[in-house]
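Undergrad: Below is model.cif; it holds mmCIF, C-alpha atoms and all ligand atoms.
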```cif
data_protein
loop_
_atom_site.label_atom_id
_atom_site.label_comp_id
_atom_site.auth_asym_id
_atom_site.auth_seq_id
_atom_site.Cartn_x
_atom_site.Cartn_y
_atom_site.Cartn_z
CA MET A 1 13.93 -3.04 25.75
CA THR A 2 10.58 -1.24 26.04
CA LEU A 3 7.25 -2.43 27.40
CA TYR A 4 4.10 -1.00 25.79
CA ARG A 5 0.79 -1.11 27.63
CA ALA A 6 -2.24 -0.85 25.33
CA THR A 7 -5.40 -2.39 23.96
CA VAL A 8 -4.06 -4.24 20.92
CA LEU A 9 -6.14 -5.26 17.90
CA ASP A 10 -4.80 -7.18 14.91
CA THR A 11 -5.64 -9.92 12.41
CA PRO A 12 -2.97 -12.64 12.54
CA ALA A 13 -5.22 -15.05 10.56
CA ASP A 14 -7.08 -14.30 7.32
CA PRO A 15 -10.76 -13.50 8.12
CA PHE A 16 -11.75 -14.52 4.56
CA ILE A 17 -10.94 -18.10 5.52
CA GLY A 18 -12.16 -18.12 9.10
CA GLY A 19 -9.60 -15.99 10.97
CA GLN A 20 -10.91 -13.77 13.74
CA LEU A 21 -10.12 -10.29 14.94
CA ARG A 22 -7.71 -10.61 17.88
CA CYS A 23 -8.32 -8.07 20.64
CA GLU A 24 -6.28 -8.01 23.80
CA GLU A 25 -7.42 -5.39 26.29
CA ASP A 26 -4.70 -4.10 28.60
CA ALA A 27 -1.94 -6.02 26.90
CA GLY A 28 1.77 -5.78 27.56
CA VAL A 29 4.01 -5.86 24.49
CA VAL A 30 7.77 -6.23 24.99
CA VAL A 31 9.97 -4.86 22.20
CA GLU A 32 13.70 -5.56 21.95
CA ASP A 33 15.80 -4.26 19.07
CA GLY A 34 12.61 -3.46 17.19
CA VAL A 35 11.16 -6.96 17.50
CA ILE A 36 8.23 -8.06 19.68
CA THR A 37 9.70 -10.63 22.08
CA ALA A 38 6.73 -11.14 24.41
CA ARG A 39 3.10 -10.14 24.70
CA GLY A 40 0.23 -11.07 26.97
CA PRO A 41 -1.91 -9.69 29.79
CA TYR A 42 -0.14 -6.58 31.08
CA ALA A 43 0.00 -7.70 34.71
CA GLU A 44 1.72 -10.94 33.74
CA ILE A 45 4.17 -9.32 31.35
CA ARG A 46 4.97 -6.65 33.95
CA ARG A 47 5.79 -9.27 36.57
CA ALA A 48 8.34 -10.76 34.20
CA HIS A 49 9.79 -7.31 33.30
CA ARG A 50 9.67 -5.35 36.54
CA ASP A 51 12.42 -2.88 35.77
CA GLU A 52 11.66 -1.99 32.16
CA PRO A 53 10.32 1.44 31.25
CA VAL A 54 6.61 1.33 30.38
CA VAL A 55 5.08 3.35 27.55
CA ALA A 56 1.45 3.67 28.66
CA LEU A 57 -0.98 3.89 25.73
CA ARG A 58 -4.01 3.03 27.82
CA GLU A 59 -6.70 4.91 25.90
CA GLY A 60 -7.56 4.32 22.26
CA MET A 61 -6.06 1.27 20.56
CA LEU A 62 -2.79 0.00 19.15
CA LEU A 63 -2.99 -1.44 15.62
CA PRO A 64 -0.34 -2.85 13.28
CA GLY A 65 1.26 -0.24 11.00
CA LEU A 66 -0.81 0.15 7.84
CA VAL A 67 0.42 -1.22 4.50
CA ASP A 68 -0.34 0.67 1.29
CA THR A 69 0.30 -1.57 -1.72
CA HIS A 70 -0.25 1.08 -4.41
CA VAL A 71 0.52 4.77 -4.04
CA HIS A 72 2.18 7.24 -6.49
CA PHE A 73 4.78 9.53 -4.98
CA PRO A 74 4.80 12.14 -7.81
CA GLN A 75 1.04 12.68 -7.45
CA VAL A 76 0.78 13.94 -3.87
CA ARG A 77 0.23 17.53 -5.04
CA VAL A 78 -2.59 16.65 -7.47
CA ILE A 79 -4.87 14.68 -5.16
CA GLY A 80 -8.47 15.76 -5.68
CA GLY A 81 -8.57 16.22 -9.46
CA LEU A 82 -12.15 15.03 -9.83
CA GLY A 83 -14.49 14.62 -12.77
CA MET A 84 -12.40 12.69 -15.31
CA PRO A 85 -12.00 9.06 -16.37
CA LEU A 86 -8.53 7.50 -16.27
CA LEU A 87 -6.96 8.53 -19.58
CA ASP A 88 -8.21 12.14 -19.38
CA TRP A 89 -7.14 12.36 -15.75
CA LEU A 90 -3.64 11.17 -16.67
CA ASP A 91 -3.32 13.71 -19.50
CA GLN A 92 -4.83 16.67 -17.72
CA CYS A 93 -3.98 16.11 -14.08
CA ALA A 94 -1.30 13.54 -13.27
CA LEU A 95 1.20 13.63 -16.12
CA PRO A 96 1.77 17.42 -16.31
CA GLU A 97 2.72 17.26 -12.62
CA GLU A 98 4.86 14.14 -13.11
CA ALA A 99 6.82 15.99 -15.82
CA ARG A 100 7.85 18.59 -13.23
CA LEU A 101 9.84 15.95 -11.37
CA ALA A 102 12.56 16.23 -14.03
CA ASP A 103 13.83 18.95 -11.67
CA ALA A 104 15.42 17.09 -8.74
CA THR A 105 14.89 20.03 -6.39
CA TYR A 106 11.18 20.03 -7.17
CA ALA A 107 11.15 16.24 -6.75
CA ARG A 108 12.73 16.57 -3.30
CA GLY A 109 9.88 18.80 -2.14
CA VAL A 110 7.33 16.38 -3.55
CA ALA A 111 9.04 13.40 -1.88
CA ALA A 112 8.98 15.24 1.45
CA ASP A 113 5.26 16.01 1.06
CA PHE A 114 4.62 12.41 0.10
CA VAL A 115 6.47 10.84 3.01
CA THR A 116 4.73 13.22 5.41
CA GLY A 117 1.43 12.01 3.96
CA LEU A 118 2.35 8.37 4.53
CA VAL A 119 3.64 8.82 8.08
CA ASP A 120 0.70 10.97 9.17
CA ALA A 121 -1.70 8.34 7.84
CA GLY A 122 0.02 5.61 9.86
CA THR A 123 1.34 3.87 6.74
CA THR A 124 4.57 2.17 7.77
CA THR A 125 5.08 -0.02 4.70
CA ALA A 126 4.34 0.93 1.09
CA LEU A 127 4.82 -0.20 -2.47
CA VAL A 128 5.39 3.19 -4.04
CA PHE A 129 4.95 3.94 -7.73
CA GLY A 130 8.00 6.06 -8.50
CA SER A 131 8.82 8.70 -11.06
CA HIS A 132 9.87 8.52 -14.72
CA PHE A 133 13.07 10.38 -13.71
CA ALA A 134 15.91 8.43 -12.10
CA SER A 135 17.04 11.50 -10.15
CA ALA A 136 13.58 11.80 -8.57
CA VAL A 137 13.49 8.11 -7.64
CA ASP A 138 16.91 8.48 -6.04
CA VAL A 139 15.53 11.33 -3.93
CA MET A 140 12.46 9.25 -3.02
CA PHE A 141 14.65 6.44 -1.69
CA GLU A 142 16.72 8.91 0.29
CA VAL A 143 13.71 10.64 1.87
CA ALA A 144 12.02 7.30 2.68
CA GLN A 145 15.19 6.08 4.33
CA ARG A 146 15.47 9.20 6.44
CA ALA A 147 11.85 8.82 7.54
CA GLY A 148 12.51 5.20 8.52
CA LEU A 149 9.69 3.73 6.40
CA ARG A 150 9.59 0.33 4.68
CA VAL A 151 9.40 1.38 1.05
CA THR A 152 9.63 -0.62 -2.16
CA THR A 153 9.86 1.65 -5.19
CA GLY A 154 11.58 2.12 -8.52
CA LEU A 155 11.88 3.91 -11.83
CA VAL A 156 8.62 4.16 -13.78
CA VAL A 157 9.27 3.33 -17.43
CA SER A 158 7.34 3.94 -20.65
CA ASP A 159 8.23 4.23 -24.32
CA ARG A 160 4.94 5.25 -25.95
CA SER A 161 1.52 6.91 -25.55
CA LEU A 162 2.63 9.51 -22.95
CA ARG A 163 3.96 13.08 -23.29
CA PRO A 164 7.48 12.90 -24.78
CA GLU A 165 9.42 14.06 -21.71
CA LEU A 166 8.17 10.98 -19.81
CA LEU A 167 9.38 8.49 -22.39
CA SER A 168 12.56 6.44 -22.27
CA THR A 169 14.08 3.57 -24.25
CA PRO A 170 14.46 -0.07 -23.21
CA ASP A 171 18.26 0.29 -22.94
CA ARG A 172 18.19 3.50 -20.95
CA ALA A 173 15.44 2.15 -18.69
CA TYR A 174 17.54 -0.93 -17.96
CA GLU A 175 20.72 1.04 -17.21
CA GLU A 176 18.96 3.51 -14.94
CA ALA A 177 16.99 0.82 -13.12
CA ARG A 178 20.09 -1.28 -12.48
CA ALA A 179 21.98 1.73 -11.13
CA LEU A 180 19.13 2.64 -8.76
CA ALA A 181 18.74 -0.96 -7.61
CA GLU A 182 22.50 -1.23 -7.06
CA ARG A 183 22.35 1.80 -4.81
CA TRP A 184 19.15 1.16 -2.85
CA HIS A 185 17.83 -2.39 -3.12
CA GLY A 186 18.27 -4.16 0.22
CA ASN A 187 19.61 -0.99 1.83
CA GLY A 188 17.91 -1.00 5.26
CA ARG A 189 14.14 -1.14 4.77
CA LEU A 190 14.27 -0.27 1.08
CA ARG A 191 13.73 -2.52 -1.93
CA TYR A 192 13.58 -2.06 -5.68
CA ALA A 193 10.35 -2.37 -7.70
CA VAL A 194 10.45 -2.87 -11.47
CA THR A 195 7.70 -0.53 -12.69
CA PRO A 196 6.44 -0.19 -16.26
CA ARG A 197 3.64 2.39 -15.99
CA PHE A 198 1.10 0.15 -17.80
CA SER A 199 1.26 -1.89 -20.96
CA PHE A 200 -0.66 0.90 -22.71
CA SER A 201 2.59 2.93 -22.46
CA ALA A 202 5.16 0.11 -22.71
CA SER A 203 6.14 -1.81 -25.84
CA ASP A 204 7.16 -5.46 -25.75
CA ALA A 205 10.78 -4.32 -25.98
CA MET A 206 10.32 -2.14 -22.88
CA LEU A 207 8.59 -4.97 -21.00
CA GLU A 208 11.49 -7.24 -21.96
CA SER A 209 13.93 -4.69 -20.51
CA CYS A 210 11.81 -4.74 -17.31
CA ALA A 211 12.00 -8.54 -17.30
CA ALA A 212 15.81 -8.39 -17.41
CA THR A 213 15.94 -6.10 -14.37
CA PHE A 214 13.32 -8.18 -12.52
CA LYS A 215 15.32 -11.34 -13.11
CA GLU A 216 18.73 -9.89 -12.36
CA VAL A 217 17.89 -7.92 -9.22
CA SER A 218 17.33 -10.72 -6.75
CA GLY A 219 14.42 -10.04 -4.39
CA SER A 220 13.11 -7.13 -6.47
CA TRP A 221 9.36 -6.61 -6.79
CA PHE A 222 7.24 -6.00 -9.89
CA THR A 223 4.34 -3.58 -10.03
CA SER A 224 2.11 -2.01 -12.68
CA HIS A 225 -1.54 -1.33 -13.52
CA VAL A 226 -4.07 -3.75 -14.99
CA ASN A 227 -7.71 -3.80 -16.14
CA GLU A 228 -8.60 -0.46 -14.60
CA ASN A 229 -10.77 1.28 -17.19
CA LEU A 230 -12.74 -0.06 -20.16
CA ALA A 231 -11.28 2.37 -22.74
CA GLU A 232 -7.76 1.58 -21.50
CA ILE A 233 -8.41 -2.17 -21.72
CA ASP A 234 -9.64 -1.84 -25.32
CA ALA A 235 -6.55 0.16 -26.25
CA VAL A 236 -4.23 -2.45 -24.70
CA ALA A 237 -5.99 -5.27 -26.57
CA THR A 238 -5.46 -3.36 -29.83
CA LEU A 239 -1.77 -2.65 -29.09
CA PHE A 240 -1.05 -6.29 -28.17
CA ASP A 241 -3.03 -8.06 -30.94
CA GLY A 242 -5.86 -9.15 -28.71
CA ALA A 243 -3.75 -10.54 -25.83
CA HIS A 244 -5.49 -10.18 -22.50
CA TYR A 245 -4.10 -7.53 -20.18
CA VAL A 246 -2.50 -9.86 -17.62
CA GLN A 247 -0.87 -11.78 -20.48
CA THR A 248 0.89 -8.64 -21.74
CA TYR A 249 2.99 -8.78 -18.53
CA ALA A 250 2.94 -12.54 -17.91
CA ARG A 251 4.42 -13.49 -21.25
CA HIS A 252 7.55 -11.55 -20.27
CA GLY A 253 7.80 -13.39 -16.95
CA LEU A 254 6.70 -10.31 -15.02
CA VAL A 255 3.84 -11.95 -13.11
CA ASP A 256 4.76 -14.14 -10.16
CA ARG A 257 4.62 -14.19 -6.35
CA SER A 258 6.64 -10.96 -6.31
CA SER A 259 4.14 -9.03 -8.46
CA VAL A 260 1.47 -6.55 -7.43
CA LEU A 261 -0.94 -5.37 -10.11
CA ALA A 262 -3.14 -2.41 -9.27
CA HIS A 263 -6.91 -2.27 -9.85
CA ASN A 264 -8.07 -5.32 -11.86
CA VAL A 265 -11.60 -3.95 -11.86
CA HIS A 266 -12.55 -5.71 -15.12
CA PRO A 267 -10.74 -9.08 -15.24
CA SER A 268 -11.74 -12.09 -17.32
CA GLU A 269 -12.02 -15.51 -15.69
CA GLU A 270 -8.91 -16.53 -17.58
CA GLU A 271 -6.94 -13.64 -16.08
CA LEU A 272 -8.07 -14.43 -12.54
CA THR A 273 -7.10 -18.06 -13.02
CA LEU A 274 -3.67 -17.01 -14.28
CA LEU A 275 -3.08 -14.51 -11.45
CA ALA A 276 -3.98 -17.17 -8.88
CA ALA A 277 -1.78 -19.81 -10.53
CA LEU A 278 1.18 -17.43 -10.63
CA GLY A 279 0.67 -16.30 -7.01
CA ALA A 280 0.48 -12.59 -7.89
CA SER A 281 -1.36 -9.99 -5.81
CA VAL A 282 -3.92 -7.34 -6.72
CA ALA A 283 -3.94 -3.91 -5.09
CA HIS A 284 -7.58 -2.86 -4.69
CA CYS A 285 -7.83 0.94 -4.72
CA PRO A 286 -11.44 1.84 -3.87
CA THR A 287 -11.39 5.64 -3.67
CA SER A 288 -9.49 5.83 -6.95
CA ASN A 289 -11.93 3.44 -8.65
CA SER A 290 -14.77 5.64 -7.39
CA ALA A 291 -13.19 9.00 -8.22
CA LEU A 292 -12.28 7.96 -11.78
CA GLY A 293 -15.53 6.02 -12.24
CA SER A 294 -13.45 2.95 -13.08
CA GLY A 295 -15.98 0.49 -11.66
CA LEU A 296 -16.88 -1.76 -8.75
CA PHE A 297 -14.09 -4.17 -7.80
CA PRO A 298 -15.14 -7.84 -8.14
CA LEU A 299 -13.73 -8.97 -4.79
CA ARG A 300 -15.90 -12.09 -4.71
CA ARG A 301 -14.42 -13.35 -7.97
CA HIS A 302 -10.87 -12.68 -6.73
CA LEU A 303 -11.55 -14.61 -3.53
CA ASP A 304 -13.24 -17.47 -5.40
CA HIS A 305 -10.20 -17.81 -7.65
CA GLY A 306 -7.77 -17.53 -4.73
CA VAL A 307 -6.10 -14.32 -5.92
CA ARG A 308 -4.31 -12.38 -3.18
CA VAL A 309 -5.91 -8.95 -2.60
CA ALA A 310 -4.67 -6.04 -0.47
CA LEU A 311 -5.47 -2.31 -0.28
CA GLY A 312 -3.91 0.64 -2.05
CA SER A 313 -4.66 4.32 -1.73
CA ASP A 314 -3.62 5.04 -5.35
CA VAL A 315 -2.81 8.63 -4.43
CA GLY A 316 -3.30 10.87 -6.42
CA ALA A 317 -6.31 9.36 -8.25
CA GLY A 318 -7.23 8.05 -4.80
CA THR A 319 -8.43 10.82 -2.53
CA GLY A 320 -5.90 10.61 0.28
CA PHE A 321 -3.40 8.50 2.20
CA CYS A 322 -5.77 7.27 4.90
CA LEU A 323 -6.23 3.50 4.64
CA PHE A 324 -9.19 3.67 7.02
CA LYS A 325 -10.94 5.66 4.31
CA GLU A 326 -9.91 3.09 1.67
CA GLY A 327 -11.25 0.32 3.87
CA LEU A 328 -14.56 2.12 4.33
CA GLN A 329 -14.83 2.77 0.59
CA ALA A 330 -14.07 -0.91 -0.10
CA TYR A 331 -16.91 -1.78 2.26
CA PHE A 332 -19.29 0.67 0.51
CA MET A 333 -18.47 -0.72 -2.91
CA GLN A 334 -19.12 -4.29 -1.85
CA GLN A 335 -22.44 -3.15 -0.38
CA LEU A 336 -23.33 -1.48 -3.68
CA LEU A 337 -22.64 -4.72 -5.55
CA GLY A 338 -25.61 -6.28 -3.76
CA ARG A 339 -25.65 -10.05 -4.10
CA ASP A 340 -22.36 -10.01 -6.01
CA GLY A 341 -20.60 -8.15 -3.19
CA VAL A 342 -18.73 -9.54 -0.19
CA ALA A 343 -20.15 -8.55 3.22
CA LEU A 344 -17.05 -7.07 4.82
CA THR A 345 -16.60 -6.74 8.58
CA SER A 346 -14.10 -4.47 10.28
CA ALA A 347 -11.85 -7.53 10.72
CA HIS A 348 -11.74 -7.96 6.91
CA LEU A 349 -10.93 -4.28 6.53
CA LEU A 350 -8.08 -4.41 9.05
CA TRP A 351 -6.72 -7.55 7.38
CA LEU A 352 -6.81 -5.87 3.95
CA ALA A 353 -5.06 -2.76 5.33
CA THR A 354 -2.32 -4.63 7.23
CA ALA A 355 -1.54 -8.36 7.00
CA ALA A 356 -2.85 -8.80 3.44
CA GLY A 357 -0.58 -5.96 2.34
CA ALA A 358 2.40 -7.47 4.14
CA ASP A 359 1.65 -10.77 2.40
CA ALA A 360 1.32 -9.11 -1.01
CA LEU A 361 4.74 -7.54 -0.49
CA GLY A 362 6.35 -10.76 0.75
CA LEU A 363 6.85 -9.22 4.19
CA ALA A 364 4.40 -11.34 6.17
CA GLU A 365 7.18 -12.84 8.28
CA GLU A 366 8.21 -9.39 9.44
CA VAL A 367 5.14 -7.16 9.66
CA GLY A 368 1.33 -7.09 9.31
CA ASP A 369 0.31 -8.02 12.85
CA LEU A 370 1.64 -7.63 16.37
CA SER A 371 2.60 -11.22 17.18
CA VAL A 372 5.77 -12.25 18.99
CA GLY A 373 8.62 -12.40 16.48
CA LYS A 374 7.26 -9.57 14.29
CA GLN A 375 8.77 -6.14 13.94
CA PHE A 376 7.13 -3.54 16.14
CA ASP A 377 5.43 -1.56 13.33
CA ALA A 378 2.44 -0.05 15.07
CA ILE A 379 0.07 2.90 15.19
CA TRP A 380 -1.72 4.34 18.20
CA VAL A 381 -5.28 5.44 17.38
CA LEU A 382 -6.32 8.07 19.89
CA PRO A 383 -9.09 10.50 18.96
CA GLU A 384 -9.50 13.80 20.81
CA THR A 385 -11.90 13.67 23.72
CA GLY A 386 -15.40 14.55 22.50
CA ASP A 387 -14.62 13.67 18.88
CA PRO A 388 -17.34 11.42 17.38
CA LEU A 389 -14.76 8.62 17.14
CA ALA A 390 -13.93 8.96 20.85
CA VAL A 391 -17.65 8.92 21.65
CA GLY A 392 -18.09 5.86 19.44
CA LEU A 393 -15.18 3.99 21.00
CA GLY A 394 -16.53 4.80 24.46
CA ASN A 395 -19.85 3.24 23.50
CA ALA A 396 -18.69 0.34 21.35
CA LYS A 397 -20.42 -2.97 22.00
CA SER A 398 -17.48 -5.18 21.07
CA PRO A 399 -13.93 -4.97 19.68
CA LEU A 400 -15.32 -5.59 16.18
CA ASP A 401 -17.74 -2.69 16.70
CA ALA A 402 -14.96 -0.44 18.02
CA LEU A 403 -12.83 -1.25 14.98
CA ALA A 404 -15.77 -0.57 12.64
CA LYS A 405 -15.98 2.90 14.19
CA VAL A 406 -12.29 3.43 13.47
CA PHE A 407 -12.89 2.65 9.78
CA ALA A 408 -16.09 4.73 9.65
CA LEU A 409 -14.79 7.78 11.51
CA GLY A 410 -11.00 7.50 11.77
CA ALA A 411 -8.79 10.07 10.10
CA THR A 412 -5.10 10.84 10.02
CA SER A 413 -5.56 13.29 12.87
CA ASP A 414 -6.57 10.37 15.13
CA ILE A 415 -3.16 8.75 14.81
CA ALA A 416 -1.19 9.76 17.87
CA GLY A 417 1.91 7.64 17.40
CA VAL A 418 3.66 5.67 14.66
CA TRP A 419 6.49 3.15 15.14
CA VAL A 420 8.55 1.29 12.55
CA GLY A 421 10.85 -1.48 13.74
CA GLY A 422 10.47 -0.18 17.28
CA GLU A 423 11.50 3.37 16.32
CA GLN A 424 8.91 6.03 16.88
CA VAL A 425 8.66 8.01 13.62
CA ALA A 426 5.72 10.23 14.58
CA ALA A 427 3.97 11.31 17.76
CA GLY A 428 0.93 13.55 17.47
CA ARG A 429 2.14 16.52 15.44
CA PHE A 430 5.78 15.50 15.83
CA ARG A 431 7.43 13.72 12.91
CA ARG A 432 10.95 12.42 12.76
CA PRO A 433 12.92 15.23 11.11
N1 LIG B 1 -2.57 3.80 -15.09
C1 LIG B 1 -1.40 4.27 -15.57
N2 LIG B 1 -0.93 5.27 -14.80
C2 LIG B 1 -1.84 5.44 -13.82
C3 LIG B 1 -1.92 6.32 -12.71
O1 LIG B 1 -1.05 7.17 -12.48
N3 LIG B 1 -3.02 6.21 -11.91
C4 LIG B 1 -3.97 5.27 -12.14
N4 LIG B 1 -5.00 5.22 -11.31
N5 LIG B 1 -3.92 4.45 -13.18
C5 LIG B 1 -2.87 4.52 -14.00
ZN ZN B 2 -1.93 3.74 -9.80
#
```
Could you render the structure as structure tokens?
Ligand code: GUN
Ligand code: ZN
TA:
Amino acid sequence: MTLYRATVLDTPADPFIGGQLRCEEDAGVVVEDGVITARGPYAEIRRAHRDEPVVALREGMLLPGLVDTHVHFPQVRVIGGLGMPLLDWLDQCALPEEARLADATYARGVAADFVTGLVDAGTTTALVFGSHFASAVDVMFEVAQRAGLRVTTGLVVSDRSLRPELLSTPDRAYEEARALAERWHGNGRLRYAVTPRFSFSASDAMLESCAATFKEVSGSWFTSHVNENLAEIDAVATLFDGAHYVQTYARHGLVDRSSVLAHNVHPSEEELTLLAALGASVAHCPTSNSALGSGLFPLRRHLDHGVRVALGSDVGAGTGFCLFKEGLQAYFMQQLLGRDGVALTSAHLLWLATAAGADALGLAEEVGDLSVGKQFDAIWVLPETGDPLAVGLGNAKSPLDALAKVFALGATSDIAGVWVGGEQVAAGRFRRP
């Protein structure tokens, strides 16, 4: 048992429907076997646990571990390829690098870089877009397990429109996916995600093979891309005889409560209605949408339709792992939408970066906030003395204001500790080997 003493901020209730930021200054949080078993004013909690060791995190703030609902592991080394729209960026930047992961030794180095990126950013749970190579996905699972992270990932499959070395067949895709799921799904904190790259690169036969895996691997997740870029959307409509983009997945039974579709920058009303009815989630990836010029995410329309939305970094089209930066960019984009935008507070941003992600991944019972009964997945935000963020926190007018400063100014270097299920996986410059 361990007792943590900290200022704790989290969003146990959805701020889009009236929930408030919860801030408890000088809180005591009791963790037993990785689970929070008590929390409250420190003095009270201490009286009830006089002999327990105390981890004093008095300065800065303790937040729930961050949840990234869309991030590509094979792209960590190509972050920052600016100046291209989606399809050019894939051809010139992402896919040549993804082809290199055919070499499992190369893939191991990439997986290590990727997991370091997640941990340093305070991301404790992620839905990770895998590789087209089963050997690389196997390595990804292994490295994620060693790091102690909650990772859902799988084999990326395609059978058209990409460079030939990234293509597979429906039968091979099914065999490889089942073998990976057999090995890793439900193993500790790991789960399998059925992952066609996007319907632009997947025939109906390939999507049907995905549907078989999705149905047969109980508790597996489904993820792909949707409605990201106007040229891509036109191409998909041509390939699928005018079907709308969501329908290309939904008609194979791939869209349900266990589905996360990335982007959805240009949805029709019909698609939003269908996503809401099926209970699927959308991963909003603001720095990626900005870097690729994909467009301004219609958050208001998603909320009005009741579609679940969470945040994704979309590394490597996104410009880094830091979900504070994604939150800030989401805020900027809603501001730029003027009357069509949603006025986001720091409570909305924290919700999108934590509890909304946990909900999108079906993990809301376990993680997403720091309530009693939840896993102790937490990050300690502690800027260096004199850093503008430290100055800002010292002069914040309210918890909401302090949290806004974290989103405006916070960076990976401000994360001084990371815990997953009560295990500390990083502390300052230390990372679990
Ligand atoms: N659509 C298909 N593949 C990708 C990818 O790697 N990144 C993004 N942003 N969109 C995609
Ligand atoms: Zn993506």
Undergrad: One number please: CA of Gly81 (chain A) to CA of Val236 (chain A), in Å, one decimal.
TA: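 Separation of CA of Gly81 (chain A) and CA of Val236 (chain A): 24.5 Å.
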Undergrad: When distances are computed from only C-alpha atoms, which of A:Met206, A:Leu180, A:Ala111, A:Leu63 shows the smallest separation from Ala416 (chain A)?
TA: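 The answer is A:Leu63, which sits nearest to Ala416 (chain A).
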Undergrad: Using only the atoms of ligand LIG 1 (chain B) listed in the file, plus 3 Å on each side, state the axis-aligned box centre and edge lengths in Å rounded to one decimal, as AutoDock Vina command-line options.
TA:
```
--center_x -3.0 --center_y 5.5 --center_z -13.4 --size_x 10.1 --size_y 9.4 --size_z 10.3
```
Undergrad: List all protein, DNA and RNA residues that have at least one atom no more than 8 Å from any atom of ligand LIG 1 (chain B), counting all atoms listed in the file, and write them as a PDB file with C-alpha atoms, in the frame of the given file.
TA:
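Once everything was written out, this is part_10.pdb:
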```pdb
ATOM      1  CA  HIS A  72       2.180   7.240  -6.490  1.00  0.00           C
ATOM      2  CA  GLN A  75       1.040  12.680  -7.450  1.00  0.00           C
ATOM      3  CA  LEU A  86      -8.530   7.500 -16.270  1.00  0.00           C
ATOM      4  CA  LEU A  87      -6.960   8.530 -19.580  1.00  0.00           C
ATOM      5  CA  LEU A  90      -3.640  11.170 -16.670  1.00  0.00           C
ATOM      6  CA  ALA A  94      -1.300  13.540 -13.270  1.00  0.00           C
ATOM      7  CA  LEU A  95       1.200  13.630 -16.120  1.00  0.00           C
ATOM      8  CA  ARG A 197       3.640   2.390 -15.990  1.00  0.00           C
ATOM      9  CA  PHE A 198       1.100   0.150 -17.800  1.00  0.00           C
ATOM     10  CA  PHE A 200      -0.660   0.900 -22.710  1.00  0.00           C
ATOM     11  CA  SER A 224       2.110  -2.010 -12.680  1.00  0.00           C
ATOM     12  CA  HIS A 225      -1.540  -1.330 -13.520  1.00  0.00           C
ATOM     13  CA  VAL A 226      -4.070  -3.750 -14.990  1.00  0.00           C
ATOM     14  CA  GLU A 228      -8.600  -0.460 -14.600  1.00  0.00           C
ATOM     15  CA  ALA A 262      -3.140  -2.410  -9.270  1.00  0.00           C
ATOM     16  CA  HIS A 263      -6.910  -2.270  -9.850  1.00  0.00           C
ATOM     17  CA  SER A 288      -9.490   5.830  -6.950  1.00  0.00           C
ATOM     18  CA  ASN A 289     -11.930   3.440  -8.650  1.00  0.00           C
ATOM     19  CA  LEU A 292     -12.280   7.960 -11.780  1.00  0.00           C
ATOM     20  CA  ASP A 314      -3.620   5.040  -5.350  1.00  0.00           C
ATOM     21  CA  VAL A 315      -2.810   8.630  -4.430  1.00  0.00           C
ATOM     22  CA  GLY A 316      -3.300  10.870  -6.420  1.00  0.00           C
ATOM     23  CA  ALA A 317      -6.310   9.360  -8.250  1.00  0.00           C
ATOM     24  CA  GLY A 318      -7.230   8.050  -4.800  1.00  0.00           C
TER      25      GLY A 318
END
```
Undergrad: Write out as a ChimeraX atom specification the residues lying within 10 Å of region 410-412 of chain A, counting all atoms listed in the file and excluding same-chain residues fewer than 2 positions away.
TA: /A:117-122,320-325,328,381-383,388-390,403-408,414-416,428
Undergrad: What does the structure give for the distance between CA of Gln375 (chain A) and CA of Arg189 (chain A), in Å to one decimal?
TA: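 These atoms are spaced 11.7 Å apart.
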Undergrad: Find the residues near region 145-157 of chain A: any atom within 7 Å, counting all atoms listed in the file, skip ones fewer than 6 places away on the same chain, and give them as a ChimeraX atom specification.
TA: /A:124-134,137,168,173,177,189-197,420,425,432
Undergrad: Give the answer as one residue: which of A:Ser268, A:Thr319, A:Ser313, A:Thr2 has the shortest atom-to-atom distance to Val35 (chain A), using all atoms listed in the file?
TA: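 For Val35 (chain A), the nearest of the candidates is A:Thr2.
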Undergrad: Measure the distance from CA of Phe332 (chain A) to CA of Leu261 (chain A) in Å and round it to one decimal.
TA: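 Pair CA of Phe332 (chain A) / CA of Leu261 (chain A) returns 22.0 Å.
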Undergrad: Go through A:Gly242, A:Gly34, A:Gly341, A:Gly80 and flag the residue nearest Arg300 (chain A), using all atoms listed in the file for the distances.
TA: A:Gly341
Undergrad: Which residues, written as a PyMOL selection string, have at least one atom at most 9 Å from region 244-259 of chain A, with only C-alpha atoms counted and residues fewer than 2 positions away on the same chain left out?
TA: chain A and resi 199+204+207-208+210-211+214-215+219-224+226-227+233+236-237+240+242+261+267-268+270-272+274-275+277-282+360-362
Undergrad: For Val139 (chain A), which residue out of A:Leu350, A:Ala355, A:Ala102, A:Leu166 is the nearest one, using only C-alpha atoms?
TA: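 The closest residue to Val139 (chain A) is A:Ala102.
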Undergrad: Residues within 6 Å of region 5-22 of chain A, please, as a ChimeraX atom specification. Count all atoms listed in the file; anything in the same chain fewer than 5 positions from it doesn't count.
TA: /A:27-28,56-58,61-63,347-348,351,369
Undergrad: Save out the residues we just selected, C-alpha atoms, as an mmCIF file, in the coordinates of the input.
TA:
```cif
data_model
loop_
_atom_site.group_PDB
_atom_site.id
_atom_site.type_symbol
_atom_site.label_atom_id
_atom_site.label_comp_id
_atom_site.auth_asym_id
_atom_site.auth_seq_id
_atom_site.Cartn_x
_atom_site.Cartn_y
_atom_site.Cartn_z
ATOM 1 C CA ALA A 27 -1.940 -6.020 26.900
ATOM 2 C CA GLY A 28 1.770 -5.780 27.560
ATOM 3 C CA ALA A 56 1.450 3.670 28.660
ATOM 4 C CA LEU A 57 -0.980 3.890 25.730
ATOM 5 C CA ARG A 58 -4.010 3.030 27.820
ATOM 6 C CA MET A 61 -6.060 1.270 20.560
ATOM 7 C CA LEU A 62 -2.790 0.000 19.150
ATOM 8 C CA LEU A 63 -2.990 -1.440 15.620
ATOM 9 C CA ALA A 347 -11.850 -7.530 10.720
ATOM 10 C CA HIS A 348 -11.740 -7.960 6.910
ATOM 11 C CA TRP A 351 -6.720 -7.550 7.380
ATOM 12 C CA ASP A 369 0.310 -8.020 12.850
#
```
